[in-house]
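Source file: entry-v5.txt; contents: compact mmCIF, C-alpha atoms.
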```txt
# COMPACT_ATOMS: atom_id res chain seq x y z
CA MET O 1 83.39 117.09 132.32
CA SER O 2 84.05 119.45 135.18
CA ALA O 3 85.33 118.77 138.63
CA ARG O 4 81.85 119.55 139.75
CA PHE O 5 80.42 117.26 137.09
CA LEU O 6 83.31 114.79 136.56
CA PRO O 7 84.60 116.45 133.34
CA LEU O 8 87.58 115.99 131.11
CA ALA O 9 89.60 118.58 129.25
CA ILE O 10 92.37 118.92 126.81
CA VAL O 11 93.87 122.05 125.44
CA GLY O 12 96.05 121.19 122.68
CA PHE O 13 97.81 122.41 119.70
CA THR O 14 98.57 125.66 118.10
CA ALA O 15 99.72 125.20 114.65
CA ALA O 16 98.36 125.96 111.37
CA TRP O 17 100.38 126.00 108.42
CA TRP O 18 101.91 122.64 109.17
CA GLY O 19 101.39 119.90 106.64
CA HIS O 20 99.58 116.73 107.54
CA SER O 21 100.41 113.08 107.04
CA ALA O 22 98.86 109.87 108.24
CA GLN O 23 101.91 108.84 110.27
CA PRO O 24 103.77 110.92 112.90
CA ARG O 25 107.44 111.55 112.22
CA THR O 26 110.33 113.47 113.70
CA ILE O 27 110.44 117.08 112.56
CA GLY O 28 113.48 119.16 111.71
CA ASN O 29 113.65 122.93 111.90
CA PRO O 30 111.85 124.64 113.39
CA PRO O 31 111.09 122.11 116.15
CA LEU O 32 107.63 121.90 117.66
CA ARG O 33 107.46 123.01 121.31
CA ALA O 34 104.77 121.47 123.49
CA LEU O 35 103.26 122.17 126.89
CA VAL O 36 101.15 119.34 128.30
CA VAL O 37 98.99 120.07 131.33
CA GLY O 38 97.00 117.30 133.00
CA GLY O 39 95.36 116.32 136.25
CA GLY O 40 92.21 116.97 138.18
CA PRO O 41 91.77 119.70 140.79
CA ASN O 42 92.48 117.08 143.48
CA LYS O 43 93.04 113.32 143.91
CA LYS O 44 89.33 112.52 143.94
CA TYR O 45 88.95 113.85 140.41
CA ASN O 46 92.34 112.79 139.05
CA GLN O 47 91.05 109.77 137.13
CA VAL O 48 93.32 107.36 135.28
CA GLY O 49 91.73 108.48 132.00
CA ILE O 50 93.43 111.86 132.46
CA GLU O 51 96.78 110.24 133.16
CA SER O 52 96.30 108.06 130.09
CA ASN O 53 95.80 111.15 127.92
CA VAL O 54 99.06 112.65 129.14
CA ARG O 55 100.89 109.40 128.46
CA TYR O 56 99.24 109.19 125.03
CA MET O 57 100.45 112.69 124.15
CA GLU O 58 103.96 111.84 125.33
CA ARG O 59 103.95 108.97 122.87
CA LEU O 60 102.50 110.97 119.96
CA LEU O 61 104.78 114.00 120.15
CA PRO O 62 107.61 113.95 117.59
CA SER O 63 110.79 112.73 119.29
CA ALA O 64 112.62 115.98 118.49
CA ALA O 65 109.91 118.16 120.03
CA PRO O 66 110.91 119.74 123.36
CA ARG O 67 108.07 119.36 125.82
CA ARG O 68 107.15 120.32 129.36
CA ILE O 69 104.64 118.20 131.27
CA LEU O 70 102.69 119.37 134.30
CA PHE O 71 100.61 116.71 136.06
CA ALA O 72 98.55 116.68 139.24
CA ASP O 73 100.70 117.51 142.30
CA GLY O 74 103.92 117.13 140.33
CA ASP O 75 105.26 114.31 142.52
CA PRO O 76 105.71 110.97 140.68
CA GLN O 77 105.85 109.21 144.07
CA THR O 78 102.40 110.37 145.24
CA PRO O 79 99.56 107.84 144.82
CA SER O 80 97.44 110.49 143.13
CA VAL O 81 95.80 108.60 140.25
CA LEU O 82 92.27 107.29 140.82
CA PHE O 83 91.45 103.97 139.12
CA GLU O 84 89.11 101.00 139.32
CA ASP O 85 90.69 97.56 139.13
CA GLN O 86 87.13 96.20 139.12
CA PRO O 87 83.77 97.97 138.77
CA GLY O 88 82.92 100.04 141.82
CA LYS O 89 86.25 99.46 143.58
CA GLU O 90 88.25 102.69 143.44
CA GLN O 91 91.92 102.88 144.45
CA PHE O 92 94.85 105.27 144.10
CA ARG O 93 98.30 104.59 142.65
CA LYS O 94 101.40 106.50 141.60
CA PRO O 95 101.34 108.07 138.11
CA LYS O 96 102.85 106.10 135.25
CA ILE O 97 104.19 109.06 133.28
CA ALA O 98 107.80 109.13 132.15
CA GLN O 99 108.30 112.90 132.45
CA ILE O 100 106.68 115.14 135.07
CA ASP O 101 108.12 118.65 135.33
CA GLY O 102 105.83 120.02 138.03
CA SER O 103 102.27 120.25 139.27
CA SER O 104 99.38 121.46 137.14
CA SER O 105 98.93 124.50 139.38
CA TYR O 106 97.93 127.99 138.32
CA ALA O 107 101.38 129.39 139.13
CA ASN O 108 103.17 126.68 137.15
CA VAL O 109 100.97 127.08 134.08
CA GLN O 110 101.58 130.83 134.10
CA ALA O 111 105.33 130.34 134.53
CA GLU O 112 105.53 127.74 131.73
CA LEU O 113 103.66 129.96 129.27
CA GLN O 114 105.92 132.88 130.15
CA THR O 115 109.01 130.72 129.58
CA LEU O 116 107.57 129.31 126.36
CA GLY O 117 106.98 132.83 125.11
CA GLY O 118 110.61 133.71 125.67
CA GLN O 119 111.81 130.59 123.89
CA LEU O 120 109.57 131.27 120.91
CA GLU O 121 110.61 134.92 120.78
CA SER O 122 114.17 133.79 120.10
CA ALA O 123 113.06 131.14 117.60
CA PRO O 124 110.70 132.83 115.11
CA GLY O 125 108.41 130.49 113.21
CA THR O 126 108.61 127.66 115.74
CA PRO O 127 105.14 126.17 116.23
CA ALA O 128 103.69 125.62 119.71
CA LEU O 129 101.44 122.90 121.06
CA LEU O 130 99.46 123.44 124.26
CA TYR O 131 97.67 120.38 125.55
CA PHE O 132 95.52 120.35 128.70
CA THR O 133 93.66 117.29 129.94
CA GLY O 134 91.58 117.27 133.08
CA HIS O 135 88.32 118.88 134.12
CA GLY O 136 86.37 121.95 133.10
CA SER O 137 83.62 123.96 134.78
CA PRO O 138 80.87 126.26 133.53
CA ASN O 139 81.21 129.92 134.43
CA ALA O 140 79.80 130.47 137.91
CA GLU O 141 77.91 133.56 136.76
CA GLY O 142 76.35 131.83 133.77
CA ASN O 143 78.61 133.47 131.17
CA VAL O 144 79.31 130.50 128.90
CA ASP O 145 81.78 132.61 126.91
CA ASN O 146 84.20 132.47 129.85
CA ASN O 147 84.18 128.90 131.16
CA ALA O 148 87.18 127.44 132.98
CA TYR O 149 89.71 124.63 133.00
CA ASP O 150 90.16 123.25 136.55
CA LEU O 151 93.74 123.29 137.80
CA TRP O 152 95.37 121.32 140.62
CA GLY O 153 94.63 122.80 144.02
CA GLY O 154 91.13 124.00 143.13
CA HIS O 155 92.12 127.01 141.03
CA GLU O 156 90.50 127.75 137.68
CA LEU O 157 91.94 128.99 134.40
CA THR O 158 89.21 130.86 132.54
CA VAL O 159 89.10 131.67 128.85
CA LYS O 160 90.05 135.27 129.53
CA GLU O 161 92.91 134.26 131.85
CA LEU O 162 94.33 131.86 129.29
CA ALA O 163 94.03 134.54 126.61
CA ARG O 164 96.09 136.91 128.79
CA SER O 165 98.57 134.10 129.52
CA LEU O 166 99.25 133.67 125.80
CA ALA O 167 100.47 137.27 125.56
CA PRO O 168 104.20 136.36 125.91
CA ILE O 169 103.97 134.12 122.83
CA PRO O 170 104.78 136.03 119.61
CA LYS O 171 101.75 136.58 117.40
CA SER O 172 103.61 135.05 114.47
CA THR O 173 103.80 131.71 116.30
CA PRO O 174 101.48 129.05 114.89
CA ILE O 175 99.32 127.79 117.78
CA VAL O 176 96.88 124.86 117.90
CA VAL O 177 94.51 124.62 120.88
CA VAL O 178 92.76 121.33 121.59
CA MET O 179 90.51 121.18 124.65
CA VAL O 180 88.33 118.21 125.48
CA GLU O 181 86.97 119.09 128.92
CA CYS O 182 83.32 119.70 129.63
CA PHE O 183 82.10 123.12 128.47
CA SER O 184 85.31 123.51 126.46
CA GLY O 185 83.78 125.14 123.39
CA SER O 186 84.01 128.42 125.26
CA PHE O 187 87.77 128.42 124.61
CA ALA O 188 87.24 129.06 120.91
CA ASN O 189 87.14 132.68 122.12
CA LEU O 190 90.94 132.59 122.34
CA MET O 191 90.70 133.88 118.75
CA TYR O 192 89.68 137.27 120.11
CA GLU O 193 91.55 139.91 122.07
CA GLY O 194 91.28 139.18 125.77
CA GLY O 195 89.20 136.07 125.06
CA ASP O 196 86.18 138.34 124.53
CA PRO O 197 83.90 137.06 121.71
CA LYS O 198 82.92 140.66 120.98
CA GLY O 199 86.56 141.77 120.69
CA ASP O 200 88.76 142.07 117.64
CA LEU O 201 90.53 139.04 116.21
CA THR O 202 93.97 138.71 117.77
CA GLY O 203 95.79 138.31 114.48
CA ARG O 204 97.42 135.18 115.89
CA ARG O 205 97.88 132.02 113.85
CA LEU O 206 95.74 130.13 116.33
CA CYS O 207 93.20 127.41 115.75
CA GLY O 208 91.49 125.04 118.13
CA PHE O 209 89.38 121.92 118.50
CA PHE O 210 87.12 121.28 121.50
CA ALA O 211 85.16 118.27 122.71
CA SER O 212 81.89 120.02 123.46
CA VAL O 213 79.85 123.14 122.95
CA ALA O 214 80.19 125.66 125.76
CA GLU O 215 76.91 124.56 127.36
CA ARG O 216 77.55 120.82 127.48
CA MET O 217 79.60 118.23 129.31
CA SER O 218 81.95 115.86 127.50
CA ALA O 219 83.33 112.35 127.90
CA GLY O 220 86.77 111.14 128.94
CA CYS O 221 87.25 111.33 132.70
CA THR O 222 87.07 107.65 133.48
CA PRO O 223 88.61 105.60 136.30
CA THR O 224 88.53 102.53 134.01
CA THR O 225 91.98 101.26 133.06
CA ASP O 226 91.11 99.45 129.79
CA GLU O 227 92.15 102.02 127.17
CA SER O 228 90.72 99.90 124.35
CA GLU O 229 87.30 100.86 125.71
CA TYR O 230 87.91 104.62 125.83
CA HIS O 231 85.35 106.56 123.80
CA ASP O 232 86.03 110.28 123.78
CA PHE O 233 87.22 113.16 121.63
CA THR O 234 90.89 112.60 122.39
CA SER O 235 90.83 108.95 121.37
CA TYR O 236 89.17 109.51 117.99
CA PHE O 237 90.73 112.83 117.03
CA PHE O 238 94.33 111.79 117.59
CA ALA O 239 93.82 108.29 116.20
CA ALA O 240 92.61 109.84 112.95
CA LEU O 241 95.43 112.39 112.98
CA THR O 242 98.20 109.84 113.44
CA GLY O 243 96.75 106.69 111.86
CA THR O 244 97.10 104.69 115.09
CA ASP O 245 94.79 104.55 118.09
CA ARG O 246 95.85 104.74 121.71
CA VAL O 247 96.36 100.97 121.98
CA GLY O 248 98.34 100.68 118.74
CA ARG O 249 95.61 99.61 116.31
CA LYS O 250 95.77 100.98 112.76
CA VAL O 251 93.16 103.62 111.91
CA THR O 252 92.21 104.45 108.32
CA GLY O 253 89.48 106.28 106.47
CA ALA O 254 90.12 109.85 107.62
CA ASP O 255 91.82 111.04 104.42
CA TYR O 256 88.55 112.30 102.98
CA ASP O 257 90.10 114.36 100.18
CA HIS O 258 92.38 111.45 99.20
CA ASN O 259 95.56 113.54 99.09
CA GLY O 260 97.61 111.11 101.19
CA ARG O 261 97.46 113.32 104.28
CA VAL O 262 95.15 113.68 107.28
CA GLY O 263 94.66 117.18 108.63
CA MET O 264 93.00 118.32 111.82
CA ASN O 265 89.88 119.28 109.87
CA GLU O 266 89.61 115.68 108.66
CA ALA O 267 90.34 114.26 112.12
CA PHE O 268 87.56 116.52 113.42
CA ALA O 269 85.09 115.13 110.86
CA TYR O 270 86.22 111.58 111.67
CA THR O 271 85.44 112.29 115.32
CA LEU O 272 81.98 113.68 114.50
CA ILE O 273 81.25 110.40 112.74
CA ASN O 274 82.85 107.86 115.09
CA ASP O 275 83.01 109.28 118.62
CA ASP O 276 80.65 107.00 120.54
CA SER O 277 80.10 109.32 123.49
CA ILE O 278 78.23 112.43 124.64
CA ASP O 279 80.77 114.75 122.94
CA THR O 280 79.46 117.55 120.70
CA PRO O 281 82.75 118.74 119.12
CA VAL O 282 83.41 122.33 118.07
CA CYS O 283 86.28 123.98 116.19
CA THR O 284 87.41 127.59 115.88
CA SER O 285 85.99 128.00 112.38
CA ASP O 286 82.53 127.06 113.73
CA ALA O 287 82.77 129.86 116.28
CA PHE O 288 84.18 132.31 113.71
CA LEU O 289 81.25 131.77 111.36
CA ARG O 290 78.66 132.28 114.09
CA ARG O 291 80.30 135.58 114.98
CA PHE O 292 80.79 137.04 111.50
CA VAL O 293 77.84 135.69 109.46
CA THR O 294 74.35 136.85 110.41
CA THR O 295 72.08 134.43 108.56
CA SER O 296 68.92 133.50 110.47
CA ASP O 297 68.28 129.90 111.46
CA ALA O 298 65.07 130.00 109.42
CA ASP O 299 67.06 130.79 106.26
CA ILE O 300 69.87 128.35 107.09
CA PHE O 301 67.66 125.34 107.67
CA ALA O 302 65.46 126.03 104.66
CA VAL O 303 68.38 125.13 102.38
CA PRO O 304 67.92 121.74 100.66
CA TYR O 305 70.27 118.96 101.72
CA SER O 306 71.66 118.46 98.21
CA ARG O 307 72.83 122.06 98.14
CA ILE O 308 74.42 121.86 101.61
CA HIS O 309 76.08 118.61 100.55
CA ARG O 310 77.51 120.30 97.45
CA TRP O 311 78.87 123.27 99.45
CA ALA O 312 80.58 121.03 102.04
CA SER O 313 84.25 120.04 102.01
CA PRO O 314 85.00 116.33 101.42
CA ALA O 315 85.42 115.78 105.17
CA GLN O 316 82.22 117.64 106.02
CA ARG O 317 80.37 115.76 103.27
CA ALA O 318 81.44 112.43 104.74
CA ALA O 319 80.27 113.49 108.20
CA LEU O 320 76.93 114.81 106.90
CA ASP O 321 76.24 111.54 105.11
CA ALA O 322 77.33 109.33 108.02
CA LEU O 323 75.26 111.28 110.54
CA SER O 324 72.26 111.25 108.18
CA THR O 325 72.53 107.48 108.00
CA TYR O 326 72.76 107.14 111.79
CA LEU O 327 69.75 109.41 112.27
CA LYS O 328 67.82 107.73 109.43
CA ALA O 329 67.35 111.24 108.05
CA THR O 330 66.42 111.36 104.38
CA GLY O 331 65.06 113.78 101.83
CA GLU O 332 65.90 117.33 100.86
CA ASP O 333 64.35 118.74 104.05
CA ARG O 334 66.32 116.47 106.40
CA VAL O 335 68.32 119.35 107.88
CA LYS O 336 65.21 121.38 108.69
CA SER O 337 63.39 118.41 110.19
CA SER O 338 66.49 117.59 112.26
CA TYR O 339 66.72 121.19 113.44
CA ASP O 340 63.02 121.19 114.40
CA GLU O 341 63.63 118.03 116.41
CA MET O 342 66.81 119.37 118.01
CA VAL O 343 65.23 122.54 119.40
CA LYS O 344 62.82 120.35 121.37
CA THR O 345 65.62 118.40 123.09
CA ARG O 346 67.36 119.35 126.33
CA ILE O 347 70.79 120.93 125.89
CA ASP O 348 72.21 118.45 128.42
CA THR O 349 70.77 115.34 126.76
CA GLU O 350 73.02 112.28 126.77
CA LYS O 351 70.95 110.09 124.43
CA ASP O 352 72.99 108.77 121.49
CA HIS O 353 70.40 109.90 118.96
CA ASP O 354 70.21 113.42 120.39
CA VAL O 355 73.99 113.81 120.53
CA ARG O 356 74.33 112.94 116.84
CA LEU O 357 71.38 115.20 116.09
CA TYR O 358 73.30 118.11 117.62
CA ARG O 359 76.41 117.21 115.63
CA PHE O 360 74.47 116.97 112.36
CA VAL O 361 72.57 120.24 112.76
CA ARG O 362 75.61 122.20 113.89
CA LEU O 363 77.73 120.87 111.02
CA ALA O 364 75.07 121.70 108.45
CA LYS O 365 74.81 125.22 109.88
CA SER O 366 78.58 125.72 109.61
CA VAL O 367 78.52 124.61 105.96
CA VAL O 368 75.76 127.07 105.07
CA LEU O 369 77.38 129.93 106.98
CA ALA O 370 80.73 129.27 105.26
CA HIS O 371 79.05 129.36 101.85
CA ASN O 372 77.26 132.59 102.70
CA LEU O 373 80.47 134.21 103.89
CA ARG O 374 82.34 133.18 100.75
CA SER O 375 79.49 134.62 98.66
CA SER O 376 79.51 137.92 100.54
CA SER O 377 81.43 141.15 99.92
CA ASP O 378 83.08 141.09 103.37
CA GLU O 379 86.64 140.72 102.11
CA PRO O 380 88.42 141.08 105.50
CA ALA O 381 86.23 138.39 107.07
CA LYS O 382 86.70 136.12 104.06
CA ARG O 383 90.48 136.46 104.23
CA ALA O 384 90.52 135.77 107.96
CA PHE O 385 88.26 132.75 107.54
CA GLU O 386 90.34 131.20 104.76
CA ALA O 387 93.49 131.70 106.83
CA LEU O 388 91.79 129.92 109.74
CA ILE O 389 90.65 127.05 107.51
CA LYS O 390 94.25 126.65 106.33
CA GLU O 391 95.43 126.47 109.94
CA GLU O 392 92.77 123.87 110.78
CA SER O 393 93.84 121.67 107.88
CA GLY O 394 97.36 121.24 109.24
CA ASN O 395 98.72 118.45 111.44
CA PRO O 396 101.11 119.51 114.23
CA LEU O 397 102.20 115.91 114.84
CA SER O 398 103.18 115.19 111.24
CA PRO O 399 104.31 118.33 109.43
CA LYS O 400 105.42 118.12 105.81
```
Can you turn what I pasted into structure tokens?
Amino acid sequence: MSARFLPLAIVGFTAAWWGHSAQPRTIGNPPLRALVVGGGPNKKYNQVGIESNVRYMERLLPSAAPRRILFADGDPQTPSVLFEDQPGKEQFRKPKIAQIDGSSSYANVQAELQTLGGQLESAPGTPALLYFTGHGSPNAEGNVDNNAYDLWGGHELTVKELARSLAPIPKSTPIVVVMVECFSGSFANLMYEGGDPKGDLTGRRLCGFFASVAERMSAGCTPTTDESEYHDFTSYFFAALTGTDRVGRKVTGADYDHNGRVGMNEAFAYTLINDDSIDTPVCTSDAFLRRFVTTSDADIFAVPYSRIHRWASPAQRAALDALSTYLKATGEDRVKSSYDEMVKTRIDTEKDHDVRLYRFVRLAKSVVLAHNLRSSSDEPAKRAFEALIKEESGNPLSPK
């Protein structure tokens, strides 16, 4: 969501070539470096769900991974966390986060990224993880390609500003970006120079996963303290990635290719299937395909389901089938009929059926576009896409 709309955000990991395993473990050389940024723009929007995400990331990071954590006003003694001890009764308490290195202000984020760039410059090949949890807002001028993450104190960090802020980080550094705030899909544009979707690819080893398309809100900013009832992108994505959910329960079933490892691409598919919320997740490869492949919707959605199913990866195939079952969509024309239904729904719909309809149609479109790209003669785009897919199949929390 956004501070204006009660949103939640997470910007996360930058890694690519890392391996992926079902259980997190301590990594050796080079160590992962992480920057965690959390908190609302003020106390009123600094819900306990945001604090919980920061604490969850603290727990998931490999023990050997140096990390910096910016949260709210930066003072662990300030009662800055909004929570409900019973429905409708809101209170504030001090944060329960072991490490707080400063406030989640614009100046601090800029300073931390500058410092991180210097550290990575002297340690070539070290992967970086950037994780932001809080609120996001749509661009005030209606440019959904440049939405913003809401920082403490009322400042915003737009896509283009974050793109410029990454400049100190060497281009050879593997970067994973995970953002789960409302309107977060806009940040897939970090792939391009200056965050401009019409610009050249940066050449960075950067991939990202986002809780919603650029035009929609997402789930996660809750004042409820019962984490077993959290339903949002963060909860499902990281549970699949690590094999354990945020309250310690074992999670299985995300190793769709049965290779004994769970990558971010598989965690993403697991989330498409299981996330019981308004989230409409997006990843960088989705955005890449929509930029570089110019197949019309009429041609895309005329493709029979059996063919789309055959072209899909194991993880995508599992998500297509699960979403078909949920939607009770059958037959070879199920993608076209779903698309025809989707275009009649409001972009801001929160109905469970409509949300899964969006997920199903968007996933099917990505599968067709990927097939068309691989069948084309655009060798540079094909190479860039395959490199991105490799990055998305890694797991920054459990490298092998």
Shortest contact to Val247 (chain O), candidates O:Leu120, O:Leu60, O:Ile97, O:Val48, atoms counted all atoms listed in the file, goes to O:Leu60
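Compared by their closest atoms to Ser184 (chain O), and using only C-alpha atoms, the residues O:Ala148, O:Ala287, O:Met264, O:Ala72 rank with O:Ala148 nearest.
Each of O:Arg59, O:Arg307, O:Arg346, O:Lys160 was compared to Gly331 (chain O) using all atoms listed in the file, and O:Arg307 turns out to be the nearest.
Ranking O:Thr115, O:Ser324, O:Ser338, O:Ser313 by their shortest atom-to-atom distance to Arg33 (chain O), with all atoms listed in the file included, puts O:Thr115 first.
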List the neighbours of Gly248 (chain O) out to 12 Å using all atoms listed in the file; skip same-chain residues closer than 2 positions along the sequence, and give me the result as a list in words.
Tyr56, Arg59, Leu60, Glu227, Ser228, Ser235, Phe238, Ala239, Thr242, Gly243, Thr244, Asp245, Arg246, Lys250 and Val251 of chain O
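Taking CA of Leu397 (chain O) and CA of Leu61 (chain O) as endpoints, the distance between them is 6.2 Å.
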Please rebuild region 205-214 of chain O with all heavy atoms and return the result as a compact mmCIF listing (two decimals), keeping the file's coordinate frame.
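Saved to rebuild_38.txt:
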```txt
# COMPACT_ATOMS: atom_id res chain seq x y z
N ARG O 205 98.08 133.23 114.64
CA ARG O 205 97.88 132.02 113.85
C ARG O 205 97.45 130.91 114.79
O ARG O 205 98.18 129.98 115.06
CB ARG O 205 99.15 131.68 113.10
CG ARG O 205 99.56 132.72 112.08
CD ARG O 205 100.83 132.31 111.36
NE ARG O 205 100.63 131.04 110.67
CZ ARG O 205 101.59 130.42 109.98
NH1 ARG O 205 102.81 130.94 109.94
NH2 ARG O 205 101.34 129.30 109.36
N LEU O 206 96.24 131.04 115.31
CA LEU O 206 95.74 130.13 116.33
C LEU O 206 94.48 129.44 115.83
O LEU O 206 93.57 130.09 115.31
CB LEU O 206 95.46 130.91 117.61
CG LEU O 206 94.94 130.12 118.81
CD1 LEU O 206 95.39 130.79 120.12
CD2 LEU O 206 93.41 129.99 118.80
N CYS O 207 94.43 128.15 116.01
CA CYS O 207 93.20 127.41 115.75
C CYS O 207 92.99 126.43 116.89
O CYS O 207 93.92 126.13 117.65
CB CYS O 207 93.24 126.70 114.40
SG CYS O 207 94.42 125.33 114.29
N GLY O 208 91.77 125.94 117.01
CA GLY O 208 91.49 125.04 118.13
C GLY O 208 90.36 124.07 117.85
O GLY O 208 89.50 124.31 117.00
N PHE O 209 90.40 122.97 118.60
CA PHE O 209 89.38 121.92 118.50
C PHE O 209 88.96 121.54 119.91
O PHE O 209 89.81 121.34 120.78
CB PHE O 209 89.93 120.72 117.73
CG PHE O 209 90.31 121.07 116.32
CD1 PHE O 209 91.58 121.58 116.03
CD2 PHE O 209 89.40 120.91 115.29
CE1 PHE O 209 91.92 121.93 114.74
CE2 PHE O 209 89.74 121.26 113.99
CZ PHE O 209 91.00 121.77 113.71
N PHE O 210 87.66 121.43 120.15
CA PHE O 210 87.12 121.28 121.50
C PHE O 210 86.07 120.17 121.53
O PHE O 210 85.32 119.98 120.57
CB PHE O 210 86.52 122.61 121.94
CG PHE O 210 87.43 123.78 121.65
CD1 PHE O 210 87.30 124.49 120.47
CD2 PHE O 210 88.44 124.13 122.53
CE1 PHE O 210 88.16 125.55 120.16
CE2 PHE O 210 89.31 125.18 122.23
CZ PHE O 210 89.16 125.89 121.05
N ALA O 211 86.01 119.46 122.64
CA ALA O 211 85.16 118.27 122.71
C ALA O 211 83.68 118.56 122.82
O ALA O 211 82.86 117.70 122.50
CB ALA O 211 85.58 117.41 123.90
N SER O 212 83.32 119.76 123.26
CA SER O 212 81.89 120.02 123.46
C SER O 212 81.57 121.49 123.25
O SER O 212 82.45 122.36 123.35
CB SER O 212 81.47 119.63 124.88
OG SER O 212 82.04 120.51 125.84
N VAL O 213 80.31 121.76 122.98
CA VAL O 213 79.85 123.14 122.95
C VAL O 213 79.97 123.70 124.36
O VAL O 213 80.08 122.94 125.34
CB VAL O 213 78.40 123.24 122.44
CG1 VAL O 213 78.29 122.78 121.01
CG2 VAL O 213 77.44 122.46 123.34
N ALA O 214 79.95 125.01 124.47
CA ALA O 214 80.19 125.66 125.76
C ALA O 214 79.16 125.31 126.83
O ALA O 214 79.44 125.43 128.03
CB ALA O 214 80.22 127.18 125.57
```
